>>> print(open('target.cif').read())   # mmCIF, C-alpha atoms
data_entry
loop_
_atom_site.label_atom_id
_atom_site.label_comp_id
_atom_site.auth_asym_id
_atom_site.auth_seq_id
_atom_site.Cartn_x
_atom_site.Cartn_y
_atom_site.Cartn_z
CA MET A 1 -10.63 15.48 28.60
CA LEU A 2 -7.81 13.55 30.21
CA ARG A 3 -8.74 13.20 33.87
CA ALA A 4 -6.31 10.68 35.31
CA GLY A 5 -2.80 11.56 36.37
CA LEU A 6 0.21 9.28 36.67
CA GLY A 7 2.79 8.15 39.17
CA ARG A 8 2.13 9.18 42.73
CA ARG A 9 -0.81 11.31 41.66
CA SER A 10 -3.20 8.65 40.35
CA ARG A 11 -3.40 5.56 38.19
CA LEU A 12 -3.92 5.33 34.47
CA CYS A 13 -4.15 2.49 32.00
CA GLY A 14 -3.26 2.88 28.33
CA GLY A 15 -3.66 -0.64 26.98
CA GLY A 16 -2.28 -3.31 29.26
CA LEU A 17 -2.03 -4.09 32.96
CA TRP A 18 -1.29 -0.99 35.04
CA ARG A 19 -0.35 -1.87 38.57
CA SER A 20 0.36 0.56 41.35
CA PRO A 21 1.66 -0.57 44.73
CA ARG A 22 0.04 2.41 46.41
CA PRO A 23 -3.65 1.93 47.35
CA ALA A 24 -6.03 4.35 45.72
CA ALA A 25 -9.73 5.03 45.78
CA ALA A 26 -9.97 4.72 42.02
CA SER A 27 -10.05 1.45 40.15
CA GLY A 28 -6.74 -0.25 39.55
CA SER A 29 -7.10 0.00 35.79
CA ALA A 30 -8.74 2.15 33.17
CA SER A 31 -8.45 2.48 29.43
CA LEU A 32 -7.66 5.22 26.96
CA ARG A 33 -9.33 5.15 23.55
CA CYS A 34 -7.77 6.87 20.56
CA PRO A 35 -10.10 7.76 17.67
CA SER A 36 -8.52 7.16 14.32
CA ALA A 37 -9.40 6.84 10.64
CA LEU A 38 -10.18 10.13 8.90
CA SER A 39 -10.43 11.99 12.21
CA GLY A 40 -6.66 11.81 12.34
CA ALA A 41 -5.33 11.57 8.80
CA THR A 42 -3.54 14.15 6.75
CA ALA A 43 -1.69 15.18 3.61
CA SER A 44 1.25 13.67 1.83
CA PRO A 45 4.56 14.80 3.35
CA ARG A 46 5.87 15.51 -0.12
CA ASN A 47 3.70 18.54 -0.69
CA GLY A 48 3.86 19.84 2.84
CA GLY A 49 0.13 20.28 3.06
CA GLY A 50 -1.48 19.32 6.33
CA ALA A 51 1.70 18.25 8.08
CA ARG A 52 2.01 19.05 11.75
CA GLY A 53 5.73 19.18 12.15
CA GLU A 54 5.61 22.93 12.75
CA GLY A 55 1.95 23.17 13.70
CA ALA A 56 0.66 25.90 15.98
CA PRO A 57 -1.58 25.38 19.03
CA PRO A 58 -5.22 26.47 18.91
CA ALA A 59 -5.84 30.20 19.34
CA GLY A 60 -5.60 31.19 22.98
CA ALA A 61 -4.19 27.85 24.07
CA SER A 62 -1.33 27.64 26.57
CA ASN A 63 0.01 24.47 24.94
CA VAL A 64 0.77 22.97 28.35
CA LYS A 65 0.50 19.26 27.66
CA PRO A 66 -1.39 16.92 30.00
CA LEU A 67 1.66 14.82 30.88
CA ASP A 68 4.31 17.52 31.09
CA ALA A 69 6.98 16.60 33.70
CA VAL A 70 5.84 12.96 33.87
CA LYS A 71 8.76 10.55 33.38
CA ILE A 72 8.15 7.22 31.62
CA LEU A 73 10.74 4.45 31.85
CA ASP A 74 10.06 2.45 28.69
CA LEU A 75 11.40 -1.11 28.45
CA THR A 76 9.06 -2.10 25.62
CA ARG A 77 9.93 -3.40 22.18
CA VAL A 78 8.25 -3.99 18.81
CA LEU A 79 4.74 -2.43 18.53
CA ALA A 80 2.16 -2.50 21.33
CA GLY A 81 4.44 -1.03 24.00
CA PRO A 82 6.28 1.49 21.80
CA PHE A 83 2.97 2.70 20.35
CA ALA A 84 1.56 3.20 23.87
CA THR A 85 4.60 5.10 25.11
CA MET A 86 4.71 7.18 21.92
CA ILE A 87 1.20 8.40 22.73
CA LEU A 88 2.39 9.32 26.23
CA GLY A 89 5.28 11.22 24.63
CA ASP A 90 2.86 13.04 22.35
CA LEU A 91 0.99 14.12 25.47
CA GLY A 92 4.14 15.69 26.92
CA ALA A 93 5.71 12.92 28.98
CA GLU A 94 9.49 12.45 28.97
CA VAL A 95 9.92 8.92 27.62
CA ILE A 96 13.22 7.13 28.29
CA LYS A 97 13.43 4.19 25.88
CA VAL A 98 15.75 1.45 27.12
CA GLU A 99 17.39 -0.60 24.34
CA ARG A 100 20.03 -3.29 24.18
CA PRO A 101 23.40 -1.98 22.99
CA GLY A 102 24.05 -2.54 19.32
CA ALA A 103 20.88 -3.95 17.77
CA GLY A 104 18.38 -2.01 19.87
CA ASP A 105 14.65 -2.56 19.42
CA ASP A 106 13.86 -5.57 17.20
CA THR A 107 11.95 -3.38 14.77
CA ARG A 108 15.08 -1.42 13.86
CA ALA A 109 15.83 -4.39 11.58
CA TRP A 110 12.31 -4.80 10.20
CA GLY A 111 12.39 -3.89 6.53
CA PRO A 112 12.37 -3.04 3.77
CA PRO A 113 11.29 -0.36 3.55
CA PHE A 114 14.04 1.71 5.13
CA ALA A 115 14.52 5.48 5.27
CA GLY A 116 18.23 5.57 4.63
CA THR A 117 19.43 2.97 7.12
CA GLU A 118 16.49 3.38 9.50
CA SER A 119 13.53 0.99 9.57
CA VAL A 120 10.33 2.80 8.63
CA TYR A 121 8.47 0.43 10.96
CA PHE A 122 10.61 1.59 13.89
CA LEU A 123 10.28 5.23 12.93
CA SER A 124 6.50 4.96 12.88
CA VAL A 125 6.08 4.29 16.63
CA ASN A 126 9.07 5.85 18.40
CA ARG A 127 8.92 9.63 18.10
CA ASN A 128 9.21 11.89 21.15
CA LYS A 129 11.53 9.53 23.05
CA LYS A 130 15.10 9.44 24.28
CA SER A 131 17.13 6.24 23.91
CA ILE A 132 19.51 4.84 26.48
CA ALA A 133 21.42 1.66 25.57
CA ILE A 134 21.75 -0.61 28.61
CA ASN A 135 22.79 -4.26 28.86
CA MET A 136 20.21 -5.43 31.39
CA LYS A 137 21.84 -8.86 31.66
CA ASP A 138 24.87 -7.12 33.19
CA SER A 139 24.41 -6.54 36.92
CA LYS A 140 25.54 -2.93 36.47
CA GLY A 141 22.94 -2.49 33.75
CA ALA A 142 20.15 -3.91 35.91
CA LYS A 143 21.25 -1.55 38.70
CA LEU A 144 20.88 1.40 36.32
CA ILE A 145 17.30 0.32 35.49
CA ARG A 146 16.43 0.30 39.19
CA GLU A 147 18.00 3.74 39.65
CA LEU A 148 16.03 5.10 36.69
CA ALA A 149 12.83 3.57 38.05
CA ALA A 150 13.36 5.36 41.36
CA VAL A 151 13.22 8.75 39.61
CA SER A 152 10.46 7.88 37.14
CA ASP A 153 6.67 7.99 37.45
CA VAL A 154 5.75 5.09 35.16
CA PHE A 155 7.50 1.80 34.32
CA VAL A 156 6.27 0.12 31.11
CA GLU A 157 7.42 -3.29 29.84
CA ASN A 158 6.20 -5.98 27.47
CA TYR A 159 8.40 -8.95 28.31
CA VAL A 160 7.06 -12.47 28.77
CA PRO A 161 5.81 -12.65 32.38
CA GLY A 162 8.59 -13.57 34.79
CA LYS A 163 11.48 -12.57 32.51
CA LEU A 164 12.20 -9.24 34.21
CA ALA A 165 11.76 -10.78 37.65
CA GLU A 166 14.70 -13.06 36.81
CA MET A 167 16.80 -9.90 36.44
CA GLY A 168 15.49 -8.35 39.66
CA LEU A 169 13.29 -5.94 37.67
CA GLY A 170 9.83 -7.43 38.21
CA TYR A 171 6.94 -5.62 39.83
CA GLU A 172 7.75 -6.83 43.34
CA ASP A 173 11.37 -5.71 42.89
CA ILE A 174 10.56 -2.27 41.54
CA LYS A 175 7.88 -1.40 44.08
CA LYS A 176 10.44 -1.83 46.89
CA ILE A 177 12.64 0.94 45.50
CA ALA A 178 9.89 3.01 43.85
CA PRO A 179 6.67 2.63 45.87
CA HIS A 180 5.16 5.59 44.03
CA ILE A 181 5.50 4.15 40.52
CA VAL A 182 2.85 2.91 38.10
CA TYR A 183 4.06 -0.43 36.71
CA CYS A 184 2.52 -1.44 33.39
CA SER A 185 2.96 -4.92 31.90
CA ILE A 186 1.73 -5.42 28.35
CA THR A 187 1.41 -9.10 27.51
CA GLY A 188 -0.28 -11.32 24.96
CA TYR A 189 -2.16 -13.49 27.45
CA GLY A 190 -1.98 -11.76 30.82
CA GLN A 191 0.04 -12.61 33.92
CA THR A 192 -1.36 -16.06 34.70
CA GLY A 193 -2.83 -19.08 32.93
CA PRO A 194 -1.77 -21.91 30.62
CA MET A 195 -0.67 -19.63 27.77
CA VAL A 196 1.13 -17.04 29.86
CA GLN A 197 4.53 -17.81 28.34
CA ARG A 198 3.38 -17.28 24.76
CA GLY A 199 4.22 -14.10 22.90
CA GLY A 200 1.41 -12.19 21.27
CA TYR A 201 1.26 -10.20 18.05
CA ASP A 202 -1.83 -8.59 16.55
CA SER A 203 -2.25 -11.27 13.88
CA ILE A 204 -2.08 -13.96 16.57
CA ALA A 205 -4.72 -12.14 18.61
CA ALA A 206 -6.94 -11.91 15.53
CA ALA A 207 -6.55 -15.65 14.99
CA VAL A 208 -7.05 -16.96 18.51
CA SER A 209 -9.90 -14.54 19.29
CA GLY A 210 -11.95 -15.84 16.35
CA LEU A 211 -11.70 -12.62 14.35
CA MET A 212 -10.05 -14.27 11.36
CA HIS A 213 -12.71 -16.98 11.42
CA ILE A 214 -15.27 -14.24 10.79
CA THR A 215 -13.48 -12.14 8.21
CA GLY A 216 -10.53 -14.05 6.81
CA HIS A 217 -8.33 -11.05 7.55
CA GLU A 218 -7.86 -8.49 10.28
CA VAL A 219 -10.50 -5.82 10.81
CA ALA A 220 -11.78 -3.83 13.75
CA CYS A 221 -13.06 -6.10 16.51
CA LEU A 222 -16.81 -6.74 16.31
CA THR A 223 -17.99 -7.22 19.89
CA HIS A 224 -21.53 -8.13 18.87
CA VAL A 225 -20.20 -11.35 17.29
CA ALA A 226 -19.04 -12.54 20.71
CA ALA A 227 -22.36 -11.51 22.24
CA ASN A 228 -24.24 -13.45 19.55
CA TYR A 229 -22.44 -16.62 20.60
CA LEU A 230 -22.55 -16.07 24.36
CA ASN A 231 -26.26 -15.32 24.40
CA CYS A 232 -27.66 -17.23 21.42
CA LYS A 233 -24.97 -19.85 20.74
CA ILE A 234 -24.83 -18.58 17.15
CA GLU A 235 -21.46 -19.54 15.66
CA ALA A 236 -19.70 -16.80 13.73
CA LYS A 237 -19.44 -16.86 9.96
CA ARG A 238 -16.85 -15.34 7.67
CA TRP A 239 -18.46 -12.15 6.38
CA GLY A 240 -15.54 -10.26 4.84
CA THR A 241 -16.62 -6.60 4.71
CA ALA A 242 -20.30 -7.48 5.23
CA HIS A 243 -22.25 -7.50 8.49
CA GLY A 244 -24.05 -10.51 9.93
CA SER A 245 -26.99 -8.50 11.21
CA ILE A 246 -27.40 -5.60 8.75
CA VAL A 247 -28.12 -5.69 4.99
CA PRO A 248 -26.87 -3.90 2.96
CA TYR A 249 -23.71 -3.10 4.91
CA GLN A 250 -20.59 -3.98 2.91
CA ALA A 251 -18.23 -3.13 0.07
CA PHE A 252 -19.56 -3.19 -3.49
CA LYS A 253 -17.41 -3.41 -6.61
CA THR A 254 -17.83 -0.45 -8.94
CA LYS A 255 -16.66 -0.04 -12.52
CA ASP A 256 -13.19 1.03 -11.31
CA GLY A 257 -12.93 0.28 -7.61
CA TYR A 258 -15.05 -0.27 -4.51
CA ILE A 259 -17.53 1.67 -2.41
CA VAL A 260 -18.72 0.71 1.07
CA VAL A 261 -22.37 1.45 1.85
CA GLY A 262 -24.21 0.80 5.10
CA ALA A 263 -27.98 1.16 5.40
CA GLY A 264 -28.53 1.12 9.15
CA ASN A 265 -32.31 1.50 9.01
CA ASP A 266 -35.25 0.99 6.65
CA GLN A 267 -35.39 4.63 5.54
CA GLN A 268 -31.73 4.56 4.62
CA PHE A 269 -32.39 1.44 2.55
CA VAL A 270 -35.15 3.28 0.66
CA THR A 271 -32.67 6.10 0.05
CA VAL A 272 -30.05 3.64 -1.28
CA CYS A 273 -32.59 2.21 -3.69
CA LYS A 274 -33.55 5.70 -4.83
CA ILE A 275 -29.91 6.62 -5.50
CA LEU A 276 -29.42 3.37 -7.41
CA ASN A 277 -32.66 4.01 -9.32
CA LEU A 278 -34.16 0.77 -8.04
CA PRO A 279 -37.53 1.91 -6.65
CA GLU A 280 -39.06 -1.51 -7.25
CA VAL A 281 -36.53 -3.09 -4.88
CA SER A 282 -37.48 -0.82 -1.98
CA LYS A 283 -41.12 -1.81 -2.51
CA ASP A 284 -40.41 -5.54 -2.71
CA SER A 285 -42.00 -7.31 0.27
CA ARG A 286 -38.86 -9.42 0.70
CA TYR A 287 -36.79 -6.34 1.59
CA LYS A 288 -39.20 -4.12 3.56
CA THR A 289 -37.40 -4.56 6.89
CA ASN A 290 -33.82 -5.23 7.89
CA THR A 291 -34.80 -8.63 9.28
CA LEU A 292 -36.24 -9.59 5.90
CA ARG A 293 -33.20 -8.19 4.10
CA VAL A 294 -30.91 -10.32 6.25
CA GLN A 295 -33.04 -13.40 5.47
CA ASN A 296 -32.92 -12.63 1.75
CA ARG A 297 -29.35 -11.36 1.71
CA LYS A 298 -28.07 -13.20 -1.37
CA GLU A 299 -30.84 -12.12 -3.74
CA LEU A 300 -30.68 -8.50 -2.61
CA ILE A 301 -26.89 -8.23 -2.70
CA ASP A 302 -26.84 -9.70 -6.21
CA ILE A 303 -29.23 -6.97 -7.39
CA LEU A 304 -27.33 -4.17 -5.70
CA SER A 305 -23.93 -5.48 -6.83
CA THR A 306 -25.04 -5.52 -10.46
CA ARG A 307 -26.15 -1.89 -10.26
CA PHE A 308 -23.03 -0.68 -8.43
CA SER A 309 -20.83 -2.24 -11.12
CA GLU A 310 -22.37 0.03 -13.76
CA LYS A 311 -20.77 3.29 -12.60
CA ALA A 312 -17.35 4.48 -11.50
CA THR A 313 -16.65 5.03 -7.80
CA ILE A 314 -16.52 8.83 -8.11
CA GLU A 315 -19.97 8.84 -9.73
CA TRP A 316 -21.47 6.90 -6.86
CA LEU A 317 -19.72 9.12 -4.31
CA GLN A 318 -21.31 12.18 -5.92
CA LEU A 319 -24.74 10.55 -5.92
CA PHE A 320 -24.52 9.54 -2.24
CA GLU A 321 -23.22 12.96 -1.12
CA GLY A 322 -25.67 14.55 1.32
CA SER A 323 -27.96 11.50 1.35
CA GLY A 324 -27.55 10.72 5.04
CA VAL A 325 -26.49 7.17 4.22
CA PRO A 326 -23.04 6.15 5.55
CA TYR A 327 -20.72 5.50 2.61
CA GLY A 328 -17.13 5.83 1.48
CA PRO A 329 -14.60 4.53 -1.02
CA ILE A 330 -11.98 1.89 -0.31
CA ASN A 331 -8.92 4.10 -0.68
CA ASN A 332 -5.35 3.24 -1.50
CA MET A 333 -2.63 5.15 0.33
CA GLN A 334 -2.34 7.87 -2.32
CA GLN A 335 -6.07 8.45 -2.08
CA VAL A 336 -6.03 8.43 1.71
CA PHE A 337 -3.40 11.14 1.94
CA SER A 338 -5.03 13.37 -0.67
CA ASP A 339 -8.53 13.16 0.81
CA PRO A 340 -9.88 16.66 1.69
CA GLN A 341 -10.83 15.59 5.22
CA VAL A 342 -7.41 14.10 5.70
CA LEU A 343 -5.76 17.30 4.52
CA HIS A 344 -7.94 19.33 6.86
CA ASN A 345 -7.05 17.32 9.96
CA GLY A 346 -3.29 17.68 9.42
CA LEU A 347 -2.12 14.44 10.98
CA VAL A 348 1.19 13.70 9.28
CA MET A 349 4.11 14.68 11.50
CA GLU A 350 7.34 15.70 9.82
CA MET A 351 10.72 15.81 11.52
CA ASN A 352 14.42 15.73 10.76
CA HIS A 353 16.10 12.46 11.72
CA PRO A 354 19.87 12.44 12.42
CA THR A 355 20.57 9.71 9.85
CA ALA A 356 17.40 9.28 7.76
CA GLY A 357 16.95 12.99 7.08
CA LYS A 358 13.44 14.36 6.69
CA ILE A 359 10.84 11.76 7.67
CA ALA A 360 7.08 11.76 8.06
CA VAL A 361 4.82 9.49 10.12
CA PRO A 362 1.11 9.50 11.02
CA GLY A 363 0.46 11.48 14.18
CA PRO A 364 -2.11 10.78 16.90
CA GLY A 365 -5.78 10.84 15.92
CA VAL A 366 -6.71 12.78 19.09
CA ARG A 367 -7.46 16.52 19.20
CA TYR A 368 -7.34 18.68 22.34
CA SER A 369 -8.82 22.11 22.98
CA GLU A 370 -5.90 23.50 24.99
CA PHE A 371 -2.79 22.34 23.11
CA ALA A 372 -1.57 21.00 19.81
CA VAL A 373 0.64 17.95 19.32
CA SER A 374 3.39 19.76 17.43
CA HIS A 375 7.19 19.98 17.09
CA PRO A 376 7.76 16.21 17.48
CA LYS A 377 11.21 14.87 18.24
CA PRO A 378 12.49 12.27 15.78
CA PRO A 379 12.80 8.61 16.83
CA PRO A 380 16.18 8.17 18.54
CA LEU A 381 19.23 6.22 17.49
CA VAL A 382 20.21 3.31 19.75
CA GLY A 383 21.76 4.83 22.86
CA GLN A 384 21.63 8.37 21.47
CA HIS A 385 20.85 9.83 24.91
CA THR A 386 22.70 7.42 27.21
CA VAL A 387 25.18 9.95 28.64
CA GLU A 388 22.54 12.69 28.82
CA ILE A 389 20.21 10.48 30.86
CA LEU A 390 22.92 9.20 33.19
CA LYS A 391 24.00 12.76 33.93
CA GLY A 392 20.63 14.51 33.91
CA MET A 393 18.45 11.95 35.67
CA LEU A 394 20.90 10.04 37.84
CA GLY A 395 23.63 12.63 38.41
CA TYR A 396 26.47 10.35 37.31
CA GLU A 397 29.93 11.91 37.02
CA ASP A 398 32.04 11.57 33.86
CA ASP A 399 34.43 9.00 35.33
CA ALA A 400 31.55 6.72 36.42
CA ILE A 401 29.98 6.99 32.97
CA GLU A 402 33.28 6.20 31.30
CA GLU A 403 33.60 3.06 33.40
CA LEU A 404 30.11 1.92 32.41
CA LEU A 405 30.90 2.54 28.76
CA ARG A 406 34.24 0.73 29.05
CA THR A 407 32.72 -2.38 30.59
CA GLY A 408 29.85 -2.51 28.09
CA ALA A 409 27.13 -2.01 30.69
CA VAL A 410 25.87 0.90 28.58
CA ALA A 411 26.55 2.28 25.11
CA GLN A 412 26.40 5.76 23.61
CA HIS A 413 25.62 6.44 19.95
CA GLU A 414 27.57 9.38 18.60
CA VAL A 415 25.46 11.42 16.16
CA ARG A 416 27.56 12.64 13.25
#
>>> encode(input="target.cif", output="structure tokens")
Amino acid sequence: MLRAGLGRRSRLCGGGLWRSPRPAAASGSASLRCPSALSGATASPRNGGGARGEGAPPAGASNVKPLDAVKILDLTRVLAGPFATMILGDLGAEVIKVERPGAGDDTRAWGPPFAGTESVYFLSVNRNKKSIAINMKDSKGAKLIRELAAVSDVFVENYVPGKLAEMGLGYEDIKKIAPHIVYCSITGYGQTGPMVQRGGYDSIAAAVSGLMHITGHEVACLTHVAANYLNCKIEAKRWGTAHGSIVPYQAFKTKDGYIVVGAGNDQQFVTVCKILNLPEVSKDSRYKTNTLRVQNRKELIDILSTRFSEKATIEWLQLFEGSGVPYGPINNMQQVFSDPQVLHNGLVMEMNHPTAGKIAVPGPGVRYSEFAVSHPKPPPLVGQHTVEILKGMLGYEDDAIEELLRTGAVAQHEVR
């Protein structure tokens, strides 16, 4: 259940620093977690199965979304910010995406692949938004941002700290004209400190946080690794898909692919050995407990790996079915989007884009009892809604808009 409101109602954090100038009894920040993986996957858009583009709400639901009528002024670019504001848009908020005239968001140029002329990367994190093209370096453009902030509930940005303040759009500037607003700054290193001016991407975070030291590539963050060091001064090792404290818990190569198996307790280990027809291994004194299995990891993994290589992945999946042991194949994309659970959950969102045509992107992995995330709006073109926003939100007359367009303070994309 989503408990927190936004704007002048309460304070909410969705992955960054949410700051509200108005005192509140609640904490100044909170976090939203979004389950993913198979809980939110779906069918291939080509066959239409499982897509939610025209999905219906649950039976008896009103389909009133949690953030209906909440206005989000979105100055973010690239991934972290756009992904966060896309989630808010999925939840019903009106998201006004501010882009520079012409090029727009950096990710509009990230490709291949492209859907027509549109970057698939951009399309993946910008649905359910309106785009207004504003030159913020122009004093008239900066004035428009302040006017939009005054009629918005949330202000989200992911610029290097201090950059917006130079334009008169920092937190201290905005709170003077919009004391009700929630101001969210998403940064790589926070607002203060020796690295505050550095940009941050996910791969950089994985590197500097020590994650790549453990795995060699990006995986979900393993908090116990940090705790091991802080409490026991145990330096992390590079485990790949394996686990430093549980054996067996990793990917095994099969005759035609890979299967991941995790025996989280001694009984599950006995079950694994039974499925692999290795009863003597489960009785071996070296492997009776998880502690012993961790100590004798190499010998045990060699035995298990040899046995797993003797059958195809599908055979092992059938043998593990109903065993109570966590397991699953390492899927490619075709396999992911044809998985029965994925089809059942109906995550893929289809929509018609003004230039790319019919597109499909993964939808949110969250399910709600009272409404469905359906009928998504396609990611906007640069400045597609400039005139609409100036008229609808700020009440600008045609002659004032024409002057802004003429001077280059704003731009409007004409959809053909």
>>> resolve_selection(input="target.cif", expression="the PyMOL selection byres ((chain A and resi 69-81) around 7)", output="PyMOL selection string")
chain A and resi 67-68+82-85+93-98+105-107+149+152-158+186
>>> resolve_selection(input="target.cif", expression="the PyMOL selection byres ((chain A and resi 117-134) around 6)", output="count of residues only")
35
>>> resolve_selection(input="target.cif", expression="the PyMOL selection byres ((chain A and resi 277) around 12)", output="list in words")
Val270, Thr271, Val272, Cys273, Lys274, Ile275, Leu276, Leu278, Pro279, Glu280, Val281, Ser282, Ile303, Leu304, Arg307, Phe308, Glu310, Trp316 and Leu319 of chain A
>>> write_last_selection(input="target.cif", atoms="C-alpha atoms", output="JSON list (two decimals), in the coordinates of the input")
[["chain", "number", "residue", "atom", "x", "y", "z"],
["A", 270, "VAL", "CA", -35.15, 3.28, 0.66],
["A", 271, "THR", "CA", -32.67, 6.10, 0.05],
["A", 272, "VAL", "CA", -30.05, 3.64, -1.28],
["A", 273, "CYS", "CA", -32.59, 2.21, -3.69],
["A", 274, "LYS", "CA", -33.55, 5.70, -4.83],
["A", 275, "ILE", "CA", -29.91, 6.62, -5.50],
["A", 276, "LEU", "CA", -29.42, 3.37, -7.41],
["A", 278, "LEU", "CA", -34.16, 0.77, -8.04],
["A", 279, "PRO", "CA", -37.53, 1.91, -6.65],
["A", 280, "GLU", "CA", -39.06, -1.51, -7.25],
["A", 281, "VAL", "CA", -36.53, -3.09, -4.88],
["A", 282, "SER", "CA", -37.48, -0.82, -1.98],
["A", 303, "ILE", "CA", -29.23, -6.97, -7.39],
["A", 304, "LEU", "CA", -27.33, -4.17, -5.70],
["A", 307, "ARG", "CA", -26.15, -1.89, -10.26],
["A", 308, "PHE", "CA", -23.03, -0.68, -8.43],
["A", 310, "GLU", "CA", -22.37, 0.03, -13.76],
["A", 316, "TRP", "CA", -21.47, 6.90, -6.86],
["A", 319, "LEU", "CA", -24.74, 10.55, -5.92]]
>>> atom_distance(input="target.cif", atom1="CA of Ala356 in chain A", atom2="CA of Ser374 in chain A")
20.0 Å
>>> residues_around(input="target.cif", residues="range 160-173 of chain A", least_positions_apart="3", cutoff="6 Å", atoms="all atoms listed in the file", output="number ranges by chain")
A: 176, 191, 197
>>> write_last_selection(input="target.cif", atoms="C-alpha atoms", output="PDB file, keeping the file's coordinate frame")
ATOM      1  CA  LYS A 176      10.440  -1.830  46.890  1.00  0.00           C
ATOM      2  CA  GLN A 191       0.040 -12.610  33.920  1.00  0.00           C
ATOM      3  CA  GLN A 197       4.530 -17.810  28.340  1.00  0.00           C
TER       4      GLN A 197
END
